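The structure file coords30.txt is reproduced below (compact mmCIF, C-alpha atoms).
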# COMPACT_ATOMS: atom_id res chain seq x y z
CA MET A 1 0.00 0.00 0.00
CA ALA A 2 1.24 3.48 -0.77
CA SER A 3 1.91 5.60 2.29
CA GLY A 4 -0.08 8.47 0.80
CA ASP A 5 -3.31 6.45 0.47
CA LEU A 6 -6.41 7.29 2.48
CA TYR A 7 -7.78 4.38 4.49
CA GLU A 8 -11.47 4.23 5.34
CA VAL A 9 -13.49 1.68 7.22
CA GLU A 10 -15.82 -0.36 5.00
CA ARG A 11 -17.41 -2.49 7.71
CA ILE A 12 -16.72 -4.42 10.91
CA VAL A 13 -16.22 -8.13 10.38
CA ASP A 14 -15.78 -9.55 13.89
CA LYS A 15 -15.06 -8.60 17.49
CA ARG A 16 -13.35 -10.16 20.51
CA ARG A 17 -11.86 -9.32 23.90
CA ASN A 18 -8.09 -8.96 24.29
CA LYS A 19 -6.01 -10.08 27.26
CA LYS A 20 -6.98 -6.95 29.20
CA GLY A 21 -10.68 -7.58 28.66
CA LYS A 22 -11.05 -4.71 26.17
CA TRP A 23 -13.10 -5.01 23.00
CA GLU A 24 -11.27 -5.22 19.67
CA TYR A 25 -12.94 -5.18 16.25
CA LEU A 26 -11.81 -6.83 13.01
CA ILE A 27 -11.88 -4.06 10.39
CA ARG A 28 -12.44 -4.49 6.66
CA TRP A 29 -10.71 -1.54 4.98
CA LYS A 30 -12.40 0.04 1.99
CA GLY A 31 -10.82 -1.06 -1.26
CA TYR A 32 -8.96 -4.02 0.32
CA GLY A 33 -9.72 -7.69 0.70
CA SER A 34 -10.02 -9.97 3.71
CA LYS A 35 -6.26 -10.57 3.85
CA GLU A 36 -5.79 -6.92 4.81
CA ASP A 37 -8.28 -7.06 7.74
CA THR A 38 -6.76 -5.97 11.06
CA TRP A 39 -7.85 -6.02 14.70
CA GLU A 40 -8.28 -2.50 16.14
CA PRO A 41 -9.03 -1.54 19.77
CA GLU A 42 -12.33 0.24 20.35
CA HIS A 43 -10.73 3.57 21.29
CA HIS A 44 -9.12 3.78 17.82
CA LEU A 45 -12.50 3.67 16.10
CA LEU A 46 -13.43 7.30 16.58
CA HIS A 47 -16.61 8.27 14.68
CA CYS A 48 -17.27 4.66 13.71
CA GLU A 49 -20.30 4.27 15.99
CA GLU A 50 -22.58 3.53 13.03
CA PHE A 51 -20.39 0.60 11.98
CA ILE A 52 -20.27 -0.72 15.56
CA ASP A 53 -24.03 -0.37 16.00
CA GLN A 54 -24.71 -2.09 12.67
CA PHE A 55 -22.37 -4.95 13.52
CA ASN A 56 -23.82 -5.45 17.01
CA GLY A 57 -27.34 -5.32 15.59
CA ASP A 58 -26.52 -8.03 13.03
CA ARG A 59 -24.86 -10.06 15.75
CA LEU A 60 -27.94 -9.75 17.98
CA ASN A 61 -30.21 -10.96 15.15
CA LYS A 62 -27.97 -13.98 14.64
CA SER A 63 -28.04 -14.78 18.34
CA ILE A 64 -31.85 -14.75 18.31
CA ALA A 65 -31.81 -17.09 15.33
CA CYS A 66 -29.54 -19.42 17.29
CA LYS A 67 -32.29 -19.81 19.90
CA ALA A 68 -34.64 -21.43 17.35
CA PRO A 69 -35.21 -25.22 17.62
CA PRO A 70 -32.58 -27.25 15.75
CA GLY A 71 -33.41 -28.87 12.41
CA PRO A 72 -34.15 -32.55 12.02
CA GLY A 73 -30.53 -33.38 11.23
CA LEU A 74 -29.06 -31.67 14.31
CA PRO A 75 -29.58 -33.00 17.85
CA PRO A 76 -30.34 -30.42 20.54
CA ALA A 77 -27.30 -29.21 22.45
CA PRO A 78 -27.12 -30.32 26.09
CA PRO A 79 -27.58 -27.65 28.78
CA GLU A 80 -23.89 -27.62 29.71
CA GLN A 81 -23.03 -26.47 26.17
CA MET A 82 -25.11 -23.32 26.52
CA VAL A 83 -23.20 -20.24 27.65
CA GLN A 84 -24.19 -16.64 28.33
CA ARG A 85 -22.43 -13.76 26.72
CA GLY A 86 -23.39 -10.10 26.87
CA GLN A 87 -23.74 -7.80 23.95
CA ASN A 88 -21.65 -4.63 23.81
CA GLY A 89 -22.28 -3.36 27.34
CA LEU A 90 -19.66 -0.63 27.03
CA GLU A 91 -22.05 1.69 25.26
CA ASN A 92 -25.29 1.28 27.20
CA GLY A 93 -23.93 0.34 30.62
CA ASN A 94 -25.81 -3.01 30.86
CA MET A 95 -25.04 -6.56 29.90
CA GLU A 96 -28.00 -8.28 28.25
CA PRO A 97 -27.52 -12.07 28.35
CA VAL A 98 -27.85 -13.73 24.96
CA LEU A 99 -27.66 -17.51 24.43
CA TYR A 100 -25.33 -19.04 21.86
CA ARG A 101 -24.96 -22.69 20.88
CA ALA A 102 -21.50 -24.15 21.32
CA ALA A 103 -20.10 -25.90 18.24
CA THR A 104 -17.73 -28.80 17.83
CA ARG A 105 -14.28 -27.55 16.85
CA PRO A 106 -12.13 -29.62 14.46
CA GLN A 107 -8.86 -30.94 15.81
CA ARG A 108 -6.03 -28.59 14.82
CA PRO A 109 -2.96 -27.10 16.54
CA PRO A 110 -3.66 -23.87 18.43
CA PRO A 111 -2.43 -20.57 16.92
CA ALA A 112 0.75 -18.94 18.22
CA ARG A 113 -1.05 -16.08 19.94
CA ARG A 114 -4.57 -15.89 21.31
CA HIS A 115 -6.15 -12.72 22.65
CA THR A 116 -9.59 -14.18 23.28
CA ASP A 117 -10.85 -15.70 26.50
CA MET A 118 -10.14 -19.43 26.19
CA THR A 119 -12.83 -20.27 28.74
CA GLN A 120 -15.51 -19.31 26.21
CA PRO A 121 -16.06 -20.89 22.77
CA GLU A 122 -15.81 -18.90 19.58
CA PHE A 123 -18.97 -18.22 17.62
CA PRO A 124 -19.68 -17.51 13.98
CA SER A 125 -19.63 -13.88 12.90
CA GLU A 126 -20.77 -12.04 9.80
CA LEU A 127 -17.89 -13.11 7.54
CA GLY A 128 -16.02 -15.35 9.96
CA PRO A 129 -16.31 -19.10 10.73
CA HIS A 130 -19.48 -20.96 9.69
CA LEU A 131 -21.09 -24.17 10.89
CA VAL A 132 -20.90 -26.91 8.26
CA ASN A 133 -22.44 -30.29 9.18
CA GLY A 134 -22.01 -29.49 12.85
CA LYS A 135 -18.33 -28.58 12.47
CA LEU A 136 -16.66 -25.18 12.67
CA ASN A 137 -14.91 -24.25 9.44
CA LEU A 138 -12.18 -21.70 10.30
CA HIS A 139 -10.63 -19.43 7.69
CA ASN A 140 -9.25 -16.67 9.95
CA SER A 141 -5.65 -17.89 10.25
CA VAL A 142 -4.29 -15.24 7.89
CA LYS A 143 -6.22 -12.52 9.73
CA ARG A 144 -4.85 -13.58 13.10
CA LYS A 145 -1.34 -13.63 11.69
CA LEU A 146 -1.66 -10.01 10.59
CA ILE A 147 -1.96 -8.75 14.17
CA GLU A 148 1.56 -9.98 14.98
CA ASP A 149 3.06 -6.98 13.19
CA LYS A 150 1.05 -4.09 14.59
CA GLY A 151 3.46 -1.18 14.33
CA SER A 152 3.61 0.84 11.16
CA ALA A 153 0.67 -0.62 9.20
CA ILE A 154 -1.92 0.08 11.90
CA ASP A 155 -0.44 3.48 12.71
CA LYS A 156 -0.66 4.47 9.04
CA ARG A 157 -4.28 3.40 8.80
CA LEU A 158 -5.18 5.28 11.99
CA ARG A 159 -3.38 8.35 10.77
CA TYR A 160 -4.91 8.36 7.30
CA ASN A 161 -8.42 7.19 8.23
CA VAL A 162 -9.62 10.78 7.91
CA ARG A 163 -11.76 12.89 5.67
CA GLN A 164 -9.71 15.88 4.59
CA ASN A 165 -10.46 18.81 2.33
CA GLU A 166 -8.62 18.82 -0.98
CA GLY A 167 -6.76 21.95 0.10
CA ASN A 168 -5.50 20.43 3.35
CA SER A 169 -1.89 19.36 3.43
CA ARG A 170 -0.91 16.05 4.97
CA PHE A 171 0.21 15.88 8.59
CA ARG A 172 2.66 13.44 10.08
CA ASP A 173 1.95 13.67 13.82
CA ILE A 174 -1.66 14.80 13.98
CA VAL A 175 -4.94 13.75 12.36
CA VAL A 176 -7.44 16.31 11.05
CA ARG A 177 -11.07 15.36 10.45
CA LYS A 178 -13.59 17.71 8.89
CA GLU A 179 -16.88 16.81 10.56
CA GLU A 180 -20.33 18.30 10.16
CA GLY A 181 -20.19 21.60 11.99
CA PHE A 182 -16.76 21.21 13.58
CA THR A 183 -13.12 20.31 12.95
CA HIS A 184 -11.60 17.43 14.90
CA VAL A 185 -7.85 17.52 15.53
CA LEU A 186 -6.22 14.48 17.14
CA LEU A 187 -2.70 14.18 18.51
CA SER A 188 -1.30 10.98 17.01
CA SER A 189 2.46 11.41 17.16
CA GLN A 190 4.53 9.02 15.06
CA THR A 191 7.87 10.62 16.05
CA THR A 192 7.57 10.82 19.86
CA ASP A 193 6.25 8.65 22.67
CA ASN A 194 3.09 9.50 24.62
CA ASN A 195 2.12 12.29 22.21
CA ALA A 196 5.00 14.45 23.41
CA LEU A 197 5.51 17.83 21.74
CA THR A 198 8.38 19.01 19.56
CA PRO A 199 8.63 22.25 17.54
CA GLU A 200 7.64 20.31 14.41
CA ILE A 201 4.51 18.87 16.04
CA MET A 202 3.57 22.27 17.47
CA LYS A 203 3.89 23.80 13.99
CA GLU A 204 1.54 21.15 12.60
CA LEU A 205 -0.99 22.00 15.30
CA CYS A 206 -0.66 25.70 14.49
CA ARG A 207 -1.35 24.97 10.82
CA ALA A 208 -4.38 22.88 11.74
CA LEU A 209 -5.75 25.67 13.95
CA GLY A 210 -5.15 28.18 11.18
CA SER A 211 -7.09 26.06 8.68
CA ALA A 212 -9.93 25.48 11.15
CA ALA A 213 -10.15 29.22 11.84
CA ALA A 214 -10.68 29.92 8.13
CA ASP A 215 -13.10 27.11 7.24
CA ASP A 216 -16.86 26.91 7.81
CA SER A 217 -16.65 24.91 11.04
CA LYS A 218 -18.24 26.37 14.17
CA LEU A 219 -15.78 24.99 16.71
CA LEU A 220 -12.69 22.83 17.13
CA LEU A 221 -12.42 19.55 19.03
CA LEU A 222 -8.93 18.59 20.24
CA SER A 223 -8.27 15.04 21.42
CA SER A 224 -5.63 12.33 21.03
CA VAL A 225 -5.06 8.76 19.87
CA GLY A 226 -3.71 6.35 22.49
CA THR A 227 -3.83 6.24 26.27
CA VAL A 228 -1.96 9.52 26.93
CA PHE A 229 -3.39 12.88 25.91
CA CYS A 230 -0.09 14.77 25.83
CA SER A 231 3.12 14.46 27.85
CA GLY A 232 4.37 17.99 27.14
CA LEU A 233 7.73 18.92 25.67
CA GLU A 234 9.93 15.92 24.85
CA PRO A 235 13.02 16.05 27.19
CA SER A 236 15.16 13.82 24.98
CA TYR A 237 14.47 16.10 22.01
CA LEU A 238 15.49 19.14 24.06
CA ILE A 239 18.73 17.47 25.12
CA GLY A 240 19.59 16.39 21.58
CA ARG A 241 19.02 19.84 20.12
CA LEU A 242 20.47 21.92 22.94
CA SER A 243 23.63 19.79 22.96
CA THR A 244 24.47 20.84 19.38
CA ASP A 245 23.97 24.61 19.39
CA ARG A 246 22.52 25.73 22.71
CA ARG A 247 21.99 29.40 21.89
CA LYS A 248 20.46 28.91 18.45
CA GLU A 249 18.28 25.95 19.40
CA SER A 250 17.03 27.53 22.64
CA CYS A 251 15.80 30.54 20.65
CA ARG A 252 14.19 28.33 18.01
CA ILE A 253 12.37 26.07 20.49
CA ALA A 254 11.24 28.97 22.69
CA GLU A 255 9.84 30.73 19.62
CA ALA A 256 7.98 27.56 18.59
CA VAL A 257 6.40 27.38 22.07
CA ARG A 258 5.44 31.06 21.90
CA GLU A 259 3.74 30.68 18.50
CA PHE A 260 2.03 27.46 19.61
CA VAL A 261 0.50 29.10 22.69
CA LEU A 262 -0.36 32.22 20.71
CA ALA A 263 -2.37 30.12 18.24
CA PHE A 264 -4.65 29.04 21.11
CA ILE A 265 -4.91 32.58 22.48
CA HIS A 266 -5.98 34.04 19.11
CA PHE A 267 -8.30 31.23 17.98
CA LYS A 268 -11.70 32.91 17.71
CA LYS A 269 -13.94 29.83 17.63
CA PRO A 270 -14.65 27.74 20.74
CA ILE A 271 -12.07 25.04 21.49
CA VAL A 272 -13.31 21.85 23.13
CA VAL A 273 -10.71 19.46 24.56
CA ALA A 274 -11.31 15.77 25.29
CA ILE A 275 -8.70 14.47 27.75
CA ASN A 276 -8.63 10.67 27.49
CA GLY A 277 -5.55 10.14 29.68
CA PRO A 278 -2.65 11.89 31.44
CA ALA A 279 -1.90 15.50 30.47
CA LEU A 280 1.55 16.71 31.55
CA GLY A 281 3.61 19.86 31.22
CA LEU A 282 2.61 22.02 28.28
CA GLY A 283 -0.16 19.51 27.52
CA ALA A 284 -1.82 20.53 30.79
CA SER A 285 -0.81 24.20 30.71
CA ILE A 286 -2.76 25.01 27.53
CA LEU A 287 -6.08 23.72 28.90
CA PRO A 288 -7.15 27.05 30.49
CA LEU A 289 -6.68 28.63 27.04
CA CYS A 290 -9.43 26.34 25.74
CA ASP A 291 -13.11 26.90 26.33
CA VAL A 292 -14.55 23.53 27.36
CA VAL A 293 -12.50 20.67 28.84
CA TRP A 294 -13.99 17.20 29.28
CA ALA A 295 -11.94 14.45 30.88
CA SER A 296 -12.05 10.70 31.25
CA GLU A 297 -11.94 9.23 34.75
CA ARG A 298 -8.50 7.87 33.78
CA ALA A 299 -7.07 11.34 33.13
CA TRP A 300 -4.72 13.16 35.49
CA PHE A 301 -2.84 16.44 35.30
CA GLN A 302 0.70 17.42 36.27
CA THR A 303 3.18 20.19 35.49
CA PRO A 304 6.60 18.97 36.72
CA CYS A 305 8.33 22.22 35.78
CA ALA A 306 10.74 22.38 38.71
CA ALA A 307 11.89 18.77 38.24
CA LEU A 308 12.92 19.66 34.67
CA HIS A 309 14.52 22.94 35.76
CA LEU A 310 11.88 24.77 33.72
CA THR A 311 9.61 27.70 34.44
CA PRO A 312 5.86 27.61 33.70
CA SER A 313 4.66 27.79 30.09
CA GLY A 314 1.39 28.01 28.23
CA CYS A 315 0.40 31.09 30.31
CA SER A 316 -0.05 28.76 33.31
CA SER A 317 1.78 31.26 35.57
CA TYR A 318 -1.31 33.46 35.10
CA THR A 319 -4.18 31.07 34.37
CA PHE A 320 -3.49 28.44 37.05
CA PRO A 321 -3.69 30.89 40.00
CA GLN A 322 -6.83 32.41 38.46
CA ILE A 323 -8.58 29.03 38.13
CA LEU A 324 -7.09 26.83 40.86
CA GLY A 325 -6.23 29.45 43.44
CA VAL A 326 -2.73 30.57 44.33
CA ALA A 327 -2.00 27.82 46.85
CA LEU A 328 -2.86 24.86 44.62
CA ALA A 329 -1.37 26.52 41.54
CA ASN A 330 1.95 26.98 43.35
CA GLU A 331 1.87 23.37 44.47
CA MET A 332 1.38 22.21 40.89
CA LEU A 333 3.93 24.54 39.31
CA PHE A 334 6.61 24.34 42.01
CA CYS A 335 6.14 20.86 43.47
CA GLY A 336 4.67 18.96 40.53
CA ARG A 337 1.50 17.95 42.37
CA LYS A 338 -0.67 15.54 40.41
CA LEU A 339 -4.39 16.28 40.11
CA THR A 340 -6.90 13.52 39.42
CA ALA A 341 -9.72 14.15 36.98
CA GLN A 342 -12.20 14.60 39.82
CA GLU A 343 -9.89 17.04 41.65
CA ALA A 344 -9.38 19.03 38.45
CA CYS A 345 -13.14 19.13 37.92
CA SER A 346 -13.84 20.30 41.47
CA ARG A 347 -11.27 23.09 41.03
CA GLY A 348 -12.55 24.28 37.66
CA LEU A 349 -9.74 23.10 35.38
CA VAL A 350 -12.11 20.50 33.87
CA SER A 351 -15.79 20.99 33.06
CA GLN A 352 -17.04 17.40 33.38
CA VAL A 353 -15.64 13.91 34.00
CA PHE A 354 -17.01 10.87 32.18
CA TRP A 355 -16.61 7.13 32.61
CA PRO A 356 -13.79 5.81 30.36
CA THR A 357 -15.84 3.20 28.48
CA THR A 358 -18.41 5.76 27.35
CA PHE A 359 -16.08 8.77 27.17
CA ASN A 360 -15.94 9.12 23.37
CA GLN A 361 -19.69 8.74 23.00
CA GLU A 362 -20.39 11.34 25.69
CA VAL A 363 -17.97 13.82 24.12
CA MET A 364 -19.26 13.40 20.57
CA LEU A 365 -22.88 13.74 21.70
CA ARG A 366 -22.14 17.08 23.38
CA VAL A 367 -19.89 18.38 20.61
CA LYS A 368 -22.54 17.69 17.96
CA GLU A 369 -25.13 19.44 20.11
CA MET A 370 -22.82 22.42 20.52
CA ALA A 371 -22.11 22.46 16.76
CA SER A 372 -25.84 22.83 16.10
CA CYS A 373 -25.75 26.34 17.59
CA ASN A 374 -25.37 29.48 15.52
CA ALA A 375 -21.74 30.10 14.49
CA VAL A 376 -21.89 33.86 15.08
CA VAL A 377 -23.36 33.40 18.55
CA LEU A 378 -20.59 30.96 19.53
CA GLU A 379 -17.81 33.19 18.24
CA GLU A 380 -19.17 36.41 19.73
CA SER A 381 -19.82 34.70 23.07
CA LYS A 382 -16.19 33.59 23.21
CA CYS A 383 -15.06 37.11 22.33
CA LEU A 384 -17.02 38.52 25.27
CA VAL A 385 -15.54 35.97 27.68
CA ARG A 386 -11.94 36.00 26.42
CA GLY A 387 -11.47 39.38 24.80
CA ILE A 388 -10.68 41.25 27.98
CA ILE A 389 -7.68 39.07 28.88
CA ILE A 390 -6.12 38.46 25.44
CA SER A 391 -3.55 41.26 25.85
CA ILE A 392 -2.64 39.93 29.31
CA LEU A 393 -2.15 36.41 27.97
CA GLU A 394 0.02 37.69 25.11
CA GLU A 395 2.29 39.50 27.55
CA VAL A 396 2.51 36.51 29.90
CA ASN A 397 3.32 34.19 26.99
CA VAL A 398 6.22 36.40 25.87
CA LYS A 399 7.71 36.57 29.38
CA GLU A 400 7.40 32.83 29.96
CA CYS A 401 9.15 32.00 26.68
CA GLN A 402 11.93 34.51 27.38
CA MET A 403 12.57 32.78 30.69
CA LEU A 404 12.57 29.35 29.05
CA ARG A 405 15.11 30.52 26.49
CA GLN A 406 17.41 31.79 29.25
CA LEU A 407 17.19 28.49 31.14
CA TRP A 408 17.86 26.41 28.04
CA CYS A 409 20.91 28.54 27.29
CA SER A 410 22.40 27.78 30.71
CA THR A 411 24.61 24.80 31.49
CA LYS A 412 22.57 24.08 34.60
CA GLY A 413 19.41 23.68 32.54
CA LEU A 414 20.96 21.02 30.30
CA GLU A 415 22.42 19.14 33.26
CA THR A 416 19.00 19.04 34.95
CA LEU A 417 17.41 17.58 31.82
CA PHE A 418 20.09 14.87 31.77
CA SER A 419 19.46 14.11 35.45
CA TYR A 420 15.69 13.92 34.88
CA LEU A 421 16.03 11.43 32.02
CA HIS A 422 18.56 9.42 34.02
CA SER A 423 16.16 9.12 36.97
CA LYS A 424 13.32 8.17 34.64
CA SER A 425 15.40 5.36 33.11
CA TYR A 426 15.94 3.92 36.62
CA ASP A 427 12.23 4.16 37.40
CA LYS A 428 11.31 1.94 34.45
As structure tokens, how would this structure be written, given the file I've shared?
Amino acid sequence: MASGDLYEVERIVDKRRNKKGKWEYLIRWKGYGSKEDTWEPEHHLLHCEEFIDQFNGDRLNKSIACKAPPGPGLPPAPPEQMVQRGQNGLENGNMEPVLYRAATRPQRPPPARRHTDMTQPEFPSELGPHLVNGKLNLHNSVKRKLIEDKGSAIDKRLRYNVRQNEGNSRFRDIVVRKEEGFTHVLLSSQTTDNNALTPEIMKELCRALGSAAADDSKLLLLSSVGTVFCSGLEPSYLIGRLSTDRRKESCRIAEAVREFVLAFIHFKKPIVVAINGPALGLGASILPLCDVVWASERAWFQTPCAALHLTPSGCSSYTFPQILGVALANEMLFCGRKLTAQEACSRGLVSQVFWPTTFNQEVMLRVKEMASCNAVVLEESKCLVRGIIISILEEVNVKECQMLRQLWCSTKGLETLFSYLHSKSYDK
């Protein structure tokens, strides 16, 4: 497959639970055959609710058909062969028991890796195994083999499974979706771990915000792919760059941070942020610059500035005391205190907290409702709320970046970054 291709979901073929008990779906990619099917975790299937609902509906109809009396050629299954299995309870919060009939499996060596629960039998799916004369005819061996090599192929499909305007340029570390009424930007870094930020990634985000500001969308939704929302500036990147030309690179990186923060300050449309996991450093500092912040129960927030020998960024030296109060803000900025999602919500950093298994559905429901409002009303309302402090935020942003540049120019700053990474390597 060419790396520039766009990958779209055609339909869902099968589903299972992995070792951690999470749902995974077997995806048929549009324009590709069954040999290209791959297993994808549920949290990767953003905006694929219609495919999931259709698949679960078809599966439910099949399960009802399985309850019908057996034909004359098939003896009834004994009671011990009947098992209970719930339909997708992650979306509606309940587990409705549905009966399936266990089938006799042909004798064959087990596959190398199994992610399903071996205490429960496998059942036929839409295009999966079928019952033939009372025996289970498997033809999924090639599909299961594909999941052994997950890295680049899946990442490419996740990154390019988007609907982009013809004028949009391609992004390497973010995904941009043009939805009805809003633009969805997802952090999906291919060059750093845990969606960490580099000047290149921040420039991509600035370009995405610039495009969203000029299009016909009413608001912007910012979220991420993976289990971490954003881990802030990448320390190893800073060390690598500052070790070559400290003065030049410190100016370049500080300027990238300034422009990145300024893009949030000047964005006129409402910004909604969906925090699916930990938000650290600059990833947490920019949240007060956004308008609505929704978090998963799994999310937590930390700004370990002092540990990295860094001063606050993202205007957090101004916004954190305003929102959290001076005492808690100082504890976060100076001592690196970690806030849970519930603590952040009670203090006003987060608007609402949702249960992880229904987080995406809750967010999309509210974003679509918000996008149904009048665009002028949304923009003017934000102007009334934010307009009075824009000049203050601009000044704070400049001062914070000047201080960061001075610290990065110093020998002490580089040594502290080395010490931080060294301690992290021992913690692992």
Mind pulling up the distance from CA of Pro235 (chain A) to CA of Leu222 (chain A)?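 It comes out at 23.2 Å.
Atom pair CA of Leu417 (chain A) / CA of Glu394 (chain A) has a distance of 27.4 Å (rounded to one decimal).
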Val185 (chain A) environment, 12 Å, only C-alpha atoms, sequence neighbours closer than 5 positions dropped, as a PyMOL selection string: chain A and resi 46+159+162-164+171+173-179+204-212+219-225+271-274
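Using only C-alpha atoms, the residues found no farther than 8 Å from Trp23 (chain A), other than those of its own chain fewer than 5 positions away, are Lys15, Arg16, Arg17, Asn18, Pro41 and Glu42 of chain A.
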From the set A:Arg298, A:Lys203, A:His44, A:Lys248, which residue has the shortest atom-to-atom contact distance to Pro356 (chain A), counting all atoms listed in the file? A:Arg298
Tell me, in Å to one decimal, how far CA of Trp294 (chain A) is from CA of Ile275 (chain A).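 We find that CA of Trp294 (chain A) and CA of Ile275 (chain A) lie 6.1 Å from each other.
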My list of candidates is A:Cys383, A:Ala307, A:Ala344, A:Ala299. Which is closest to Phe320 (chain A) when distances are computed with all atoms listed in the file?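 With all atoms listed in the file as the atom set, the closest residue is A:Ala344.
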In terms of the shortest atom-to-atom distance over only C-alpha atoms, which of A:Pro304, A:Pro312, A:Pro199, A:Gly387 is closest to Leu238 (chain A)?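 For Leu238 (chain A), the nearest of the given residues is A:Pro199.
Nearest residue to Glu49 (chain A) among A:Tyr25, A:Trp300, A:Phe267, A:Phe354 is A:Tyr25, counting only C-alpha atoms.
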Can you tell me, as a list of chain:residue names, what residues are no more than 8 Å from region 254-261 of chain A when counting all atoms listed in the file, ignoring any on the same chain fewer than 4 positions away?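 After dropping sequence-adjacent residues, the list is A:Pro199, A:Met202, A:Lys203, A:Leu205, A:Cys206, A:Ser250, A:Ile265, A:Ile286, A:Gly314, A:Cys315, A:Asn397, A:Val398, A:Cys401, A:Gln402, A:Leu404, A:Arg405.
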Point out the residue among A:Gln342, A:Phe55, A:Glu395, A:Tyr32 with the least atom-to-atom distance to Arg11 (chain A), counting all atoms listed in the file.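 Checking each of A:Gln342, A:Phe55, A:Glu395, A:Tyr32 against Arg11 (chain A), counting all atoms listed in the file, the winner is A:Phe55.
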Which residues come within 12 Å of Phe334 (chain A), counting all atoms listed in the file, excluding same-chain residues fewer than 4 positions away, as a list in words?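 Counting all atoms listed in the file, the residues come to Gln302, Thr303, Pro304, Cys305, Ala306, Ala307, Leu308, His309, Leu310, Thr311, Pro312, Ser316, Ser317, Phe320, Val326, Ala327, Leu328, Ala329, Asn330 and Lys338 of chain A.
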